[in-house]
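Data from query_5.csv: CSV, C-alpha atoms
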```csv
chain,number,residue,atom,x,y,z
A,1,MET,CA,-96.5,115.6,208.5
A,2,ASP,CA,-99.8,114.2,207.3
A,3,THR,CA,-100.5,112.5,204.0
A,4,PHE,CA,-102.0,115.5,202.3
A,5,GLU,CA,-99.0,117.7,203.1
A,6,LEU,CA,-96.6,115.0,201.9
A,7,VAL,CA,-98.5,114.5,198.6
A,8,THR,CA,-98.6,118.3,198.1
A,9,LEU,CA,-94.8,118.5,198.6
A,10,LEU,CA,-94.5,116.0,195.7
A,11,ILE,CA,-97.2,117.3,193.3
A,12,VAL,CA,-96.3,121.0,193.4
A,13,PRO,CA,-92.6,120.7,192.5
A,14,CYS,CA,-93.5,117.9,190.1
A,15,ALA,CA,-95.9,120.2,188.2
A,16,ALA,CA,-93.4,123.1,188.3
A,17,LEU,CA,-90.6,121.0,186.9
A,18,ALA,CA,-92.8,119.4,184.3
A,19,TYR,CA,-93.8,122.9,183.1
A,20,ILE,CA,-90.2,124.1,183.0
A,21,ASN,CA,-89.2,121.0,181.0
A,22,HIS,CA,-92.0,121.2,178.5
A,23,ARG,CA,-91.8,125.0,178.1
A,24,PHE,CA,-88.0,125.6,177.9
A,25,ILE,CA,-85.9,122.4,177.9
A,26,ARG,CA,-88.1,119.9,175.9
A,27,LEU,CA,-86.4,116.7,177.0
A,28,PRO,CA,-88.5,113.5,177.1
A,29,ASN,CA,-90.7,113.9,180.2
A,30,VAL,CA,-89.0,111.1,182.2
A,31,ILE,CA,-85.5,112.4,181.5
A,32,GLY,CA,-86.4,116.1,181.9
A,33,LEU,CA,-88.0,115.5,185.3
A,34,LEU,CA,-85.1,113.5,186.5
A,35,VAL,CA,-82.5,116.0,185.4
A,36,LEU,CA,-84.4,119.0,186.9
A,37,SER,CA,-85.0,117.1,190.2
A,38,LEU,CA,-81.3,116.3,190.4
A,39,GLY,CA,-80.7,120.1,190.0
A,40,LEU,CA,-83.3,120.8,192.7
A,41,SER,CA,-81.6,118.2,195.0
A,42,THR,CA,-78.2,119.9,194.5
A,43,VAL,CA,-79.7,123.3,195.3
A,44,VAL,CA,-81.4,121.9,198.5
A,45,TRP,CA,-78.2,120.1,199.6
A,46,VAL,CA,-76.1,123.2,199.1
A,47,SER,CA,-78.7,125.5,200.8
A,48,ASN,CA,-78.8,123.2,203.8
A,49,HIS,CA,-75.2,122.3,204.3
A,50,ILE,CA,-73.6,125.6,203.3
A,51,PHE,CA,-76.2,128.3,204.0
A,52,HIS,CA,-78.1,126.3,206.7
A,53,LEU,CA,-81.6,127.4,205.4
A,54,GLN,CA,-84.5,125.9,207.5
A,55,LEU,CA,-86.7,125.3,204.5
A,56,ALA,CA,-84.0,123.3,202.7
A,57,ALA,CA,-83.4,121.3,205.9
A,58,ALA,CA,-87.1,120.6,206.3
A,59,LEU,CA,-87.4,119.4,202.7
A,60,GLU,CA,-84.3,117.2,203.1
A,61,LYS,CA,-85.7,115.7,206.2
A,62,VAL,CA,-89.0,114.8,204.4
A,63,ILE,CA,-87.2,113.2,201.4
A,64,VAL,CA,-84.8,111.2,203.6
A,65,GLN,CA,-87.6,109.9,205.8
A,66,LEU,CA,-89.9,109.1,202.8
A,67,ASP,CA,-90.1,105.4,202.4
A,68,PHE,CA,-89.3,105.2,198.7
A,69,THR,CA,-89.6,101.4,198.7
A,70,GLN,CA,-93.1,101.4,200.1
A,71,ALA,CA,-94.2,104.3,197.9
A,72,LEU,CA,-93.2,102.4,194.8
A,73,LEU,CA,-93.6,98.7,195.5
A,74,GLU,CA,-96.8,99.0,197.6
A,75,VAL,CA,-98.6,102.0,196.0
A,76,MET,CA,-97.4,103.1,192.6
A,77,LEU,CA,-96.1,100.0,190.9
A,78,CYS,CA,-99.5,98.2,190.5
A,79,PHE,CA,-101.0,101.1,188.6
A,80,MET,CA,-98.0,101.7,186.4
A,81,LEU,CA,-97.5,98.1,185.4
A,82,PHE,CA,-101.2,97.7,184.6
A,83,ALA,CA,-101.2,100.9,182.6
A,84,GLY,CA,-98.1,100.0,180.7
A,85,SER,CA,-99.4,96.5,179.7
A,86,PHE,CA,-102.9,97.8,179.0
A,87,HIS,CA,-101.5,100.0,176.3
A,88,SER,CA,-99.1,97.3,174.9
A,89,ASP,CA,-99.8,95.2,171.8
A,90,THR,CA,-101.0,92.0,173.4
A,91,GLU,CA,-101.1,90.1,170.1
A,92,ALA,CA,-97.5,91.1,169.2
A,93,ILE,CA,-96.3,90.1,172.7
A,94,ARG,CA,-98.0,86.7,172.2
A,95,ARG,CA,-96.2,86.2,168.9
A,96,GLU,CA,-92.9,86.9,170.5
A,97,ALA,CA,-93.7,84.9,173.7
A,98,LYS,CA,-90.8,82.4,173.3
A,99,SER,CA,-88.1,85.0,172.9
A,100,ILE,CA,-89.5,87.2,175.6
A,101,GLY,CA,-89.7,84.2,178.0
A,102,ILE,CA,-86.0,83.3,177.3
A,103,MET,CA,-84.8,86.9,178.0
A,104,ALA,CA,-87.1,87.4,180.9
A,105,VAL,CA,-86.2,84.2,182.8
A,106,LEU,CA,-82.8,82.9,181.6
A,107,GLY,CA,-81.6,86.5,180.8
A,108,THR,CA,-82.4,87.7,184.3
A,109,ILE,CA,-80.7,84.6,186.0
A,110,LEU,CA,-77.6,84.9,183.8
A,111,THR,CA,-77.3,88.6,184.3
A,112,THR,CA,-77.6,88.1,188.1
A,113,VAL,CA,-74.8,85.7,188.2
A,114,VAL,CA,-72.5,87.6,185.8
A,115,VAL,CA,-73.0,90.9,187.6
A,116,ALA,CA,-72.4,89.2,191.0
A,117,GLY,CA,-69.2,87.6,189.8
A,118,MET,CA,-67.7,90.8,188.4
A,119,LEU,CA,-68.8,92.9,191.4
A,120,TYR,CA,-67.2,90.4,193.8
A,121,MET,CA,-63.9,90.6,192.0
A,122,CYS,CA,-63.9,94.4,191.4
A,123,SER,CA,-64.9,95.2,195.0
A,124,ARG,CA,-61.8,93.4,196.2
A,125,TRP,CA,-59.6,95.1,193.6
A,126,LEU,CA,-60.9,98.4,194.9
A,127,ASP,CA,-60.3,97.4,198.5
A,128,MET,CA,-64.0,97.6,199.3
A,129,PRO,CA,-64.9,93.9,199.5
A,130,ILE,CA,-68.5,92.9,199.3
A,131,GLU,CA,-69.6,89.4,200.4
A,132,TRP,CA,-70.6,87.0,197.7
A,133,ILE,CA,-74.2,86.7,199.0
A,134,TYR,CA,-74.6,90.5,198.8
A,135,CYS,CA,-73.1,90.5,195.3
A,136,LEU,CA,-75.8,88.0,194.3
A,137,LEU,CA,-78.4,90.2,196.0
A,138,PHE,CA,-77.2,93.2,194.0
A,139,GLY,CA,-77.2,91.2,190.8
A,140,ALA,CA,-80.8,90.2,191.3
A,141,LEU,CA,-82.1,93.7,192.0
A,142,ILE,CA,-80.2,95.3,189.0
A,143,ALA,CA,-80.7,92.5,186.5
A,144,PRO,CA,-84.4,93.2,185.4
A,145,THR,CA,-84.9,96.0,182.9
A,146,ASP,CA,-87.3,98.4,184.5
A,147,PRO,CA,-90.7,98.4,182.7
A,148,ILE,CA,-91.5,102.0,183.8
A,149,ALA,CA,-88.3,103.5,182.5
A,150,VAL,CA,-88.4,101.4,179.3
A,151,LEU,CA,-92.0,102.3,178.4
A,152,GLY,CA,-91.5,106.0,179.3
A,153,ILE,CA,-88.6,106.3,176.9
A,154,LEU,CA,-89.0,103.7,174.3
A,155,ASN,CA,-92.5,104.8,173.2
A,156,ARG,CA,-90.9,108.0,171.9
A,157,THR,CA,-88.3,106.1,169.9
A,158,LYS,CA,-88.6,104.6,166.4
A,159,VAL,CA,-87.3,101.1,167.2
A,160,PRO,CA,-88.4,98.4,164.7
A,161,GLU,CA,-91.7,97.0,165.9
A,162,ARG,CA,-90.5,93.4,166.5
A,163,ILE,CA,-87.5,94.5,168.5
A,164,LYS,CA,-89.6,97.0,170.4
A,165,THR,CA,-92.1,94.3,171.3
A,166,ASN,CA,-89.3,92.1,172.6
A,167,ILE,CA,-87.8,94.8,174.7
A,168,ILE,CA,-91.1,95.9,176.2
A,169,GLY,CA,-92.2,92.3,176.8
A,170,GLU,CA,-89.0,91.5,178.5
A,171,SER,CA,-89.2,94.6,180.7
A,172,LEU,CA,-92.8,93.7,181.7
A,173,PHE,CA,-92.1,90.2,182.8
A,174,ASN,CA,-88.5,90.0,184.0
A,175,ASP,CA,-89.2,92.3,187.0
A,176,GLY,CA,-91.3,89.5,188.5
A,177,VAL,CA,-88.4,87.0,188.0
A,178,GLY,CA,-85.9,89.4,189.4
A,179,ILE,CA,-88.1,90.1,192.5
A,180,VAL,CA,-88.5,86.4,193.2
A,181,ILE,CA,-84.7,85.9,192.9
A,182,PHE,CA,-84.1,88.9,195.1
A,183,LEU,CA,-86.5,87.8,197.8
A,184,THR,CA,-85.0,84.3,197.8
A,185,ILE,CA,-81.5,85.7,198.3
A,186,LEU,CA,-82.7,88.3,200.8
A,187,HIS,CA,-84.3,85.4,202.8
A,188,ILE,CA,-80.9,83.7,202.9
A,189,VAL,CA,-79.3,86.9,204.1
A,190,GLU,CA,-81.9,87.4,206.9
A,191,GLN,CA,-82.3,83.7,207.9
A,192,GLY,CA,-78.9,82.2,207.1
A,193,SER,CA,-77.8,79.7,204.4
A,194,ALA,CA,-79.1,76.8,206.5
A,195,SER,CA,-82.6,77.8,205.5
A,196,PHE,CA,-81.9,77.6,201.8
A,197,THR,CA,-82.8,74.6,199.6
A,198,VAL,CA,-83.0,74.3,195.8
A,199,GLY,CA,-86.5,72.8,196.2
A,200,GLY,CA,-87.6,75.6,198.4
A,201,MET,CA,-86.3,78.2,195.9
A,202,LEU,CA,-88.1,76.4,193.0
A,203,LEU,CA,-91.3,76.2,195.1
A,204,LEU,CA,-91.1,79.9,195.8
A,205,PHE,CA,-90.6,80.7,192.2
A,206,ALA,CA,-93.5,78.6,191.2
A,207,GLN,CA,-95.7,80.1,193.8
A,208,GLU,CA,-94.7,83.7,193.1
A,209,ALA,CA,-94.4,83.7,189.3
A,210,VAL,CA,-96.8,81.0,188.1
A,211,GLY,CA,-99.3,82.1,190.8
A,212,GLY,CA,-99.0,85.7,189.8
A,213,ILE,CA,-99.6,84.9,186.1
A,214,LEU,CA,-102.7,82.7,187.0
A,215,LEU,CA,-104.1,85.4,189.2
A,216,GLY,CA,-103.6,88.1,186.6
A,217,ALA,CA,-105.3,85.9,184.0
A,218,ALA,CA,-108.3,85.5,186.3
A,219,LEU,CA,-108.5,89.2,187.1
A,220,GLY,CA,-108.2,90.2,183.5
A,221,TYR,CA,-110.8,87.8,182.2
A,222,GLY,CA,-113.1,88.6,185.2
A,223,ALA,CA,-112.8,92.3,184.3
A,224,PHE,CA,-113.7,91.4,180.6
A,225,LEU,CA,-116.8,89.5,181.7
A,226,LEU,CA,-118.0,92.3,183.9
A,227,MET,CA,-117.4,95.1,181.3
A,228,ARG,CA,-119.0,93.0,178.6
A,229,SER,CA,-122.2,92.8,180.5
A,230,ILE,CA,-122.7,96.7,180.8
A,231,ASP,CA,-122.1,99.8,178.7
A,232,ASP,CA,-121.2,102.6,181.1
A,233,TYR,CA,-117.7,104.0,180.8
A,234,GLU,CA,-117.6,105.4,184.4
A,235,THR,CA,-118.4,102.0,185.9
A,236,GLU,CA,-116.0,100.3,183.6
A,237,VAL,CA,-113.1,102.5,184.6
A,238,LEU,CA,-114.0,101.8,188.2
A,239,ILE,CA,-113.9,98.1,187.5
A,240,THR,CA,-110.3,98.3,186.1
A,241,LEU,CA,-109.3,100.4,189.2
A,242,ALA,CA,-110.9,97.7,191.4
A,243,ILE,CA,-109.0,94.8,189.8
A,244,VAL,CA,-105.7,96.7,190.0
A,245,MET,CA,-106.0,97.7,193.7
A,246,GLY,CA,-108.0,94.7,194.9
A,247,GLY,CA,-105.9,92.3,192.8
A,248,TYR,CA,-102.6,93.7,194.1
A,249,LEU,CA,-103.8,93.3,197.7
A,250,LEU,CA,-105.1,89.8,197.0
A,251,ALA,CA,-101.7,88.9,195.4
A,252,ASN,CA,-99.9,90.0,198.6
A,253,GLN,CA,-102.3,87.9,200.7
A,254,LEU,CA,-101.8,84.9,198.5
A,255,HIS,CA,-98.0,85.4,198.4
A,256,VAL,CA,-97.9,85.5,194.6
A,257,SER,CA,-96.3,88.1,192.4
A,258,GLY,CA,-98.4,91.2,192.3
A,259,PRO,CA,-96.3,92.8,189.5
A,260,LEU,CA,-96.8,89.8,187.2
A,261,ALA,CA,-100.5,89.7,188.1
A,262,MET,CA,-100.9,93.3,187.0
A,263,VAL,CA,-99.0,92.8,183.8
A,264,VAL,CA,-101.1,89.8,182.7
A,265,ALA,CA,-104.3,91.5,183.8
A,266,GLY,CA,-103.4,94.6,181.8
A,267,LEU,CA,-102.5,92.6,178.7
A,268,ILE,CA,-105.8,90.7,178.8
A,269,THR,CA,-108.0,93.8,179.5
A,270,GLY,CA,-106.2,95.9,176.9
A,271,ALA,CA,-106.2,93.2,174.2
A,272,GLN,CA,-107.9,94.2,171.0
A,273,LYS,CA,-110.1,91.1,170.7
A,274,TYR,CA,-111.4,91.7,174.3
A,275,ARG,CA,-111.8,95.5,173.8
A,276,LYS,CA,-114.1,94.9,170.8
A,277,GLU,CA,-116.4,92.7,172.8
A,278,SER,CA,-116.4,94.6,176.2
A,279,MET,CA,-115.9,98.3,175.4
A,280,SER,CA,-117.9,100.8,173.3
A,281,ASP,CA,-116.0,103.5,171.4
A,282,THR,CA,-116.9,105.9,174.2
A,283,THR,CA,-115.7,103.6,176.9
A,284,GLU,CA,-112.5,102.8,175.0
A,285,HIS,CA,-111.8,106.5,174.6
A,286,TYR,CA,-112.2,107.3,178.3
A,287,MET,CA,-110.4,104.1,179.4
A,288,ASP,CA,-107.3,104.9,177.3
A,289,HIS,CA,-107.1,108.5,178.4
A,290,PHE,CA,-107.7,107.7,182.1
A,291,TRP,CA,-104.9,105.1,182.3
A,292,GLU,CA,-102.6,107.2,180.1
A,293,LEU,CA,-103.1,110.3,182.4
A,294,LEU,CA,-102.6,108.2,185.6
A,295,ASP,CA,-99.5,106.6,184.2
A,296,MET,CA,-98.0,109.9,183.2
A,297,GLY,CA,-98.7,111.5,186.6
A,298,LEU,CA,-97.2,108.6,188.5
A,299,ASN,CA,-94.2,108.5,186.2
A,300,ALA,CA,-93.6,112.2,186.9
A,301,ILE,CA,-93.8,111.6,190.7
A,302,LEU,CA,-91.5,108.6,190.5
A,303,PHE,CA,-88.7,110.2,188.6
A,304,LEU,CA,-89.0,113.3,190.8
A,305,LEU,CA,-88.5,111.0,193.8
A,306,ILE,CA,-85.5,109.3,192.1
A,307,GLY,CA,-83.9,112.7,191.5
A,308,LEU,CA,-84.6,114.0,195.1
A,309,ARG,CA,-83.3,110.8,196.6
A,310,LEU,CA,-79.8,112.2,195.8
A,311,ILE,CA,-80.2,114.3,199.0
A,312,GLY,CA,-80.0,111.2,201.3
A,313,LEU,CA,-76.9,109.7,199.7
A,314,ASP,CA,-73.4,109.9,201.3
A,315,PHE,CA,-70.5,110.6,198.9
A,316,SER,CA,-66.9,109.5,199.0
A,317,GLY,CA,-64.2,109.0,196.5
A,318,GLN,CA,-64.3,105.2,196.8
A,319,LEU,CA,-68.1,105.1,196.4
A,320,LEU,CA,-67.8,107.3,193.2
A,321,VAL,CA,-65.3,104.9,191.7
A,322,LEU,CA,-67.4,101.9,192.7
A,323,GLY,CA,-70.4,103.5,191.1
A,324,MET,CA,-68.6,104.0,187.8
A,325,VAL,CA,-67.3,100.5,187.9
A,326,GLY,CA,-70.8,99.3,188.6
A,327,ILE,CA,-72.1,101.0,185.4
A,328,LEU,CA,-69.4,99.3,183.4
A,329,ILE,CA,-70.1,95.9,185.0
A,330,LEU,CA,-73.8,96.1,184.2
A,331,LEU,CA,-73.2,97.2,180.5
A,332,LEU,CA,-70.8,94.3,180.1
A,333,ALA,CA,-73.2,91.8,181.7
A,334,ARG,CA,-76.0,93.0,179.5
A,335,PHE,CA,-73.8,92.6,176.5
A,336,ILE,CA,-72.8,89.1,177.5
A,337,THR,CA,-76.4,88.0,178.2
A,338,VAL,CA,-77.9,89.3,175.0
A,339,ARG,CA,-75.1,88.0,172.8
A,340,LEU,CA,-74.9,84.6,174.5
A,341,LEU,CA,-78.7,83.9,174.6
A,342,SER,CA,-79.1,85.2,171.0
A,343,THR,CA,-76.4,82.7,169.9
A,344,LEU,CA,-77.7,79.7,171.9
A,345,PHE,CA,-81.3,80.3,170.9
A,346,ARG,CA,-80.7,81.9,167.4
A,347,LYS,CA,-83.8,80.2,165.9
A,348,THR,CA,-86.1,81.5,168.6
A,349,ILE,CA,-84.7,84.9,169.2
A,350,ALA,CA,-83.7,85.4,165.6
A,351,THR,CA,-82.0,88.8,165.8
A,352,THR,CA,-79.1,90.3,163.9
A,353,ARG,CA,-76.1,91.9,165.6
A,354,ARG,CA,-77.4,95.3,164.9
A,355,GLU,CA,-80.8,94.5,166.5
A,356,GLN,CA,-79.0,93.0,169.5
A,357,ASN,CA,-77.1,96.3,169.9
A,358,MET,CA,-80.5,98.0,170.3
A,359,VAL,CA,-81.7,95.4,172.8
A,360,ILE,CA,-78.4,95.8,174.8
A,361,TRP,CA,-78.6,99.6,175.0
A,362,SER,CA,-82.4,99.5,175.8
A,363,GLY,CA,-81.8,97.6,179.0
A,364,LEU,CA,-82.8,100.6,181.2
A,365,LYS,CA,-82.9,100.5,185.0
A,366,GLY,CA,-85.2,102.6,187.1
A,367,GLY,CA,-87.0,103.0,190.4
A,368,LEU,CA,-87.7,99.3,190.8
A,369,SER,CA,-84.0,98.5,191.3
A,370,LEU,CA,-83.6,101.5,193.6
A,371,ALA,CA,-86.6,100.4,195.7
A,372,MET,CA,-85.2,96.9,196.1
A,373,ALA,CA,-81.8,98.2,197.0
A,374,LEU,CA,-83.3,100.5,199.7
A,375,SER,CA,-85.2,97.5,201.1
A,376,ILE,CA,-81.9,95.7,202.1
A,377,PRO,CA,-81.5,95.5,205.9
A,378,ASN,CA,-79.2,98.2,207.4
A,379,THR,CA,-75.8,96.6,207.3
A,380,PRO,CA,-72.4,98.2,206.3
A,381,VAL,CA,-72.8,96.8,202.8
A,382,LYS,CA,-76.1,98.5,202.1
A,383,GLU,CA,-74.6,101.9,201.5
A,384,PRO,CA,-72.3,100.9,198.6
A,385,ILE,CA,-75.1,98.8,197.1
A,386,VAL,CA,-77.5,101.7,197.2
A,387,PHE,CA,-74.9,104.0,195.7
A,388,ILE,CA,-74.0,101.7,192.9
A,389,THR,CA,-77.7,101.1,192.1
A,390,TYR,CA,-78.3,104.9,192.1
A,391,SER,CA,-75.4,105.5,189.8
A,392,ILE,CA,-76.6,102.9,187.4
A,393,VAL,CA,-80.2,104.2,187.4
A,394,LEU,CA,-79.0,107.8,186.7
A,395,PHE,CA,-76.7,106.6,183.9
A,396,SER,CA,-79.3,104.4,182.4
A,397,ILE,CA,-82.1,106.9,182.3
A,398,ILE,CA,-80.1,110.0,181.3
A,399,VAL,CA,-77.3,108.7,179.2
A,400,GLN,CA,-78.9,105.6,177.6
A,401,GLY,CA,-82.3,107.3,177.5
A,402,LEU,CA,-80.9,110.3,175.6
A,403,THR,CA,-78.8,108.2,173.2
A,404,ILE,CA,-81.1,105.4,172.4
A,405,GLU,CA,-82.5,107.1,169.3
A,406,TRP,CA,-78.9,107.6,168.0
A,407,VAL,CA,-78.2,103.9,168.7
A,408,VAL,CA,-81.3,103.0,166.8
A,409,ARG,CA,-80.5,105.2,163.8
A,410,ARG,CA,-77.0,103.9,163.7
A,411,ASN,CA,-78.1,100.3,163.7
A,412,THR,CA,-81.0,100.7,161.2
A,413,SER,CA,-79.1,102.7,158.6
A,414,ASP,CA,-77.6,101.0,155.6
A,415,GLY,CA,-74.0,100.2,155.4
```
Could the structure of this file be written out as structure tokens, please?
Amino acid sequence: MDTFELVTLLIVPCAALAYINHRFIRLPNVIGLLVLSLGLSTVVWVSNHIFHLQLAAALEKVIVQLDFTQALLEVMLCFMLFAGSFHSDTEAIRREAKSIGIMAVLGTILTTVVVAGMLYMCSRWLDMPIEWIYCLLFGALIAPTDPIAVLGILNRTKVPERIKTNIIGESLFNDGVGIVIFLTILHIVEQGSASFTVGGMLLLFAQEAVGGILLGAALGYGAFLLMRSIDDYETEVLITLAIVMGGYLLANQLHVSGPLAMVVAGLITGAQKYRKESMSDTTEHYMDHFWELLDMGLNAILFLLIGLRLIGLDFSGQLLVLGMVGILILLLARFITVRLLSTLFRKTIATTRREQNMVIWSGLKGGLSLAMALSIPNTPVKEPIVFITYSIVLFSIIVQGLTIEWVVRRNTSDG
């Protein structure tokens, strides 16, 4: 199957499901597409395994063979992270930089360890023991809040602006931290513990995280200088496309964090003080609409893929129980992390208990965690990790996504 046919098989059902959701169901786009694609996955699975329809079997084969990890991490992620940060309030994120940094770095590390410890104990209790190193690997991939899921849902919710800024800022930056931790632990899994040193891990973190931030700053400021020197919206849109695509490839070549580079580049390019100097009103209008449309389209495809990925999963009673336990573990870990860091750094984070409740419930997970889970080498432990991750992602987007407004109203009302 060539690339055009594959993209067509994604775009056509994506458009159809988006229309059905907007016309009849009217759920938020992210949630609606995921729910409908889950329904489509169920129909395809039943059609193939019970009625043995050739079309259903062909679609199942395509979805199972599609490299979800490559599609997200190497193609879609750079555009979506740049678009999300480009439309964020850069000045507000700068004001909350300390609290965002604490949650993005210390929060991700703490959640990784807490999740790993609880999964290690629970997997033994359920007679499905998972080695400690793989528990840490799972903790690293599930710890970051997913910026794509958070931005897709939170922008429709009336969260207080300061809390919203912290949640969005954390989600934009902690994926880079999570990916660095994940890659470090994955290296230990693949090469053995003898290859691990604390100095080596710190060096990798500095190279990936700090290098990604510096590259993103250079890309963003370079785009600003180029756009300031001209006034042609078509060329300026192409410049932003070039820094995203070329910058992401460059980050891979330099072995620095591409996601962090895109976040920083987007924040600088979209900052109001730089917009005023580099973009005319016409350019700003087209730039905003272009990246908004691209972000919306890629979001739709991503959550369609998440829903359809159900086709490739194996089910068993033990895995279902482990999936539900995984959801409880993550919620408890998020609760512990937010409460503990808010207490230890109360002057910096400065949130009330009610505001912390909103932060806890807004810790959404999405395709990024699933992509990392699917990138784990094929070992017996991969299947339960992927299943737990998928269960958490579905719960996060559907249950937490649909109830976040209720949680916000409950924690902002008087009394």
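Interatomic distance, atom CA of A:Val180 to atom CA of A:Ile213: 13.3 Å.
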Original post:
Got a sec: who's within 7 Å of A:Ile392, counting only C-alpha atoms, leaving out chain neighbours fewer than 4 positions off, as JSON, numbers by chain?
Top reply: {"A": [326, 327, 388, 396]}
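Between atom CA of A:His285 and atom CA of A:Gly270 the separation is 12.2 Å.
If you measure from each of A:Ser369, A:Thr269, A:Asn252, A:Ser342 to A:Met287 using all atoms listed in the file, the closest one turns out to be A:Thr269.
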I'd like the neighbourhood of A:Gly139 as a PDB file with C-alpha atoms, in the coordinates of the input, where a residue qualifies if any of its atoms comes within 12 Å (using all atoms listed in the file), though same-chain residues fewer than 2 positions away should be ignored.
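Saved the output as around.pdb:
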```
ATOM      1  CA  GLY A 107     -81.600  86.500 180.800  1.00  0.00           C
ATOM      2  CA  THR A 108     -82.400  87.700 184.300  1.00  0.00           C
ATOM      3  CA  ILE A 109     -80.700  84.600 186.000  1.00  0.00           C
ATOM      4  CA  LEU A 110     -77.600  84.900 183.800  1.00  0.00           C
ATOM      5  CA  THR A 111     -77.300  88.600 184.300  1.00  0.00           C
ATOM      6  CA  THR A 112     -77.600  88.100 188.100  1.00  0.00           C
ATOM      7  CA  VAL A 113     -74.800  85.700 188.200  1.00  0.00           C
ATOM      8  CA  VAL A 114     -72.500  87.600 185.800  1.00  0.00           C
ATOM      9  CA  VAL A 115     -73.000  90.900 187.600  1.00  0.00           C
ATOM     10  CA  ALA A 116     -72.400  89.200 191.000  1.00  0.00           C
ATOM     11  CA  GLY A 117     -69.200  87.600 189.800  1.00  0.00           C
ATOM     12  CA  MET A 118     -67.700  90.800 188.400  1.00  0.00           C
ATOM     13  CA  LEU A 119     -68.800  92.900 191.400  1.00  0.00           C
ATOM     14  CA  TYR A 120     -67.200  90.400 193.800  1.00  0.00           C
ATOM     15  CA  TRP A 132     -70.600  87.000 197.700  1.00  0.00           C
ATOM     16  CA  ILE A 133     -74.200  86.700 199.000  1.00  0.00           C
ATOM     17  CA  TYR A 134     -74.600  90.500 198.800  1.00  0.00           C
ATOM     18  CA  CYS A 135     -73.100  90.500 195.300  1.00  0.00           C
ATOM     19  CA  LEU A 136     -75.800  88.000 194.300  1.00  0.00           C
ATOM     20  CA  LEU A 137     -78.400  90.200 196.000  1.00  0.00           C
ATOM     21  CA  LEU A 141     -82.100  93.700 192.000  1.00  0.00           C
ATOM     22  CA  ILE A 142     -80.200  95.300 189.000  1.00  0.00           C
ATOM     23  CA  ALA A 143     -80.700  92.500 186.500  1.00  0.00           C
ATOM     24  CA  PRO A 144     -84.400  93.200 185.400  1.00  0.00           C
ATOM     25  CA  GLY A 178     -85.900  89.400 189.400  1.00  0.00           C
ATOM     26  CA  ILE A 179     -88.100  90.100 192.500  1.00  0.00           C
ATOM     27  CA  ILE A 181     -84.700  85.900 192.900  1.00  0.00           C
ATOM     28  CA  PHE A 182     -84.100  88.900 195.100  1.00  0.00           C
ATOM     29  CA  ILE A 185     -81.500  85.700 198.300  1.00  0.00           C
ATOM     30  CA  LEU A 186     -82.700  88.300 200.800  1.00  0.00           C
ATOM     31  CA  GLY A 326     -70.800  99.300 188.600  1.00  0.00           C
ATOM     32  CA  ILE A 329     -70.100  95.900 185.000  1.00  0.00           C
ATOM     33  CA  LEU A 330     -73.800  96.100 184.200  1.00  0.00           C
ATOM     34  CA  ALA A 333     -73.200  91.800 181.700  1.00  0.00           C
ATOM     35  CA  ARG A 334     -76.000  93.000 179.500  1.00  0.00           C
ATOM     36  CA  SER A 369     -84.000  98.500 191.300  1.00  0.00           C
ATOM     37  CA  MET A 372     -85.200  96.900 196.100  1.00  0.00           C
ATOM     38  CA  ALA A 373     -81.800  98.200 197.000  1.00  0.00           C
ATOM     39  CA  ILE A 385     -75.100  98.800 197.100  1.00  0.00           C
ATOM     40  CA  ILE A 388     -74.000 101.700 192.900  1.00  0.00           C
ATOM     41  CA  THR A 389     -77.700 101.100 192.100  1.00  0.00           C
TER      42      THR A 389
END
```
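Between A:Asn155 and the residues A:Met279, A:Leu319, A:Val30, A:Met227, the shortest atom-to-atom distance, using all atoms listed in the file, involves A:Val30.
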